[in-house]
Amino acid sequence: MPELPEVEVVRRGLARWTAGRTVAEVQVLHPRAVRRHTAGGEDFAVRLAGTTFGEAHRRGKYLWVPLAGTGHSMVGHLGMSGQLLVQDPAAPDETHLRVRFRFTDGGRELRFVDQRTFGGLAVEEAEDGDLEATPVSLAHIARDPLDARFDDAAFVAALRARRTTVKRALLDQTLISGVGNIYADESLWRARLHYDRPTAGITRPRAAELLGHARDVMNAALAVGGTTFDSLYVNVNGESGYFARDLDAYGREGAPCHRCGTPIRRAAWMNRSSYYCPRCQPVPRQR
């Protein structure tokens with residue numbers, strides 16, 4: 001599933017290609033793509049026709065585009081395979097095209113493509129043009145480490161106060177948003193922390209160090225377009241990200257640790273996998 005760097009790459013593409021453009025027509029080609037818009041696909045299309053897109057914003061893994069002068073925004077989540085593509089109108093339709101946006105300038109159109117249909121779009125109430133006017137459905141999501149208003153001290157205190165394990169805490173979008181399985185494993189490898197380490201036993205300096213590593217790894221991924229393992233994640237121009245080449249832990253089962261040479265291990269964890277170095281990230285004594 002796309003995480004913060006991948007969603008931020010898409011946000012930047014939307015900001016470049018769609019901000020200031022007026023919607024001429026919306027075609028909803030699959031109802032699941034707008035299932036979060038409870039009034040249905042026809043209402044979704046009517047609400048967007050004639051509106052002008054503002055600059056796209058992001059909170060964690062969610063995107064929203066203010067609709068100028070309406071008091072509403074279009075909110076989107078990519079799910080596992082969602083893509084927002086900017087395409088020439090003459091380009092053939094993608095196999096899994098779900099929603100098409102045409103603009104009054106006749107230029108490139110915006111397409112929402114989603115093979116597994118876990119992503120979705122909706123129109124929601126929000127104050128027009130205000131960065132802080134997060135749509136209601138996203139209000140519970142915490143700020144992310146790349147947000148200028150992220151409170152490091154508050155995060156460290158909240159992390160240590162949780163009665164959980166460190167990877168569970170990193171994936172808790174009410175504590176810190178945008179971190180998923182890939183970047184949690186990478187951050188923990190850099191911090192030399194086992195994924196099952198209790199948060200209560202992590203000192204303030206260690207928690208601050210972990211946060212710094214999370215920020216660093218996501219900035220590094222963002223610089224190369226994010227992490228692509230297959231064709232399901234691409235930017236708005238259909239291009240892949242290249243951070244998979246620089247991963248230290250995730251997906252490297254059996255490969256030597258880049259620090260000590262010990263083979264990386266994979267463990268089943270919450271219906272997912274956790275990758276770690278058994279030497280650099282020893283199993284905690286008490287779990």
# chains A, B, ... in the order shown; residues from 1 in each chain; ligands from 1
call {"tool": "closest_atom_pairs", "arguments": {"of": "region 91-155 of chain A", "to": "region 195-213 of chain A", "cutoff": "12 Å", "atoms": "only C-alpha atoms", "output": "tab-separated table"}}
result
residue	atom	partner	partner_atom	distance
A:Asp144	CA	A:Leu211	CA	10.5
A:Pro145	CA	A:Leu211	CA	7.6
A:Leu146	CA	A:Gly212	CA	10.4
A:Phe150	CA	A:Leu211	CA	11.0
A:Asp151	CA	A:Leu211	CA	10.9
A:Asp152	CA	A:Ala208	CA	7.4
A:Ala153	CA	A:Ala208	CA	8.1
A:Ala154	CA	A:Ala208	CA	10.5
A:Phe155	CA	A:Leu211	CA	8.5
call {"tool": "residues_around", "arguments": {"residues": "Thr51 (chain A)", "least_positions_apart": "2", "cutoff": "9 Å", "atoms": "only C-alpha atoms", "output": "number ranges by chain"}}
result
A: 21-24, 47-49, 53, 67-70
call {"tool": "residues_around", "arguments": {"residues": "Leu63 (chain A)", "least_positions_apart": "3", "cutoff": "10 Å", "atoms": "only C-alpha atoms", "output": "list in words"}}
result
Val7, Glu8, Val10, Arg11, Leu14, Ala56, His57, Arg58, Arg59, Gly60, Ser73, Met74, Val75, Gly76, His77, Leu78, Leu121, Pro135 and Leu138 of chain A
call {"tool": "select_by_dssp", "arguments": {"residues": "region 70-220 of chain A", "states": "alpha helix (DSSP H)", "output": "PyMOL selection string"}}
result
chain A and resi 152-161+166-170+181-191+204-220
call {"tool": "closest_residue", "arguments": {"among": "A:Ala161, A:Asn235, A:Pro31, A:Met270", "to": "Arg12 (chain A)", "atoms": "only C-alpha atoms"}}
result
A:Asn235
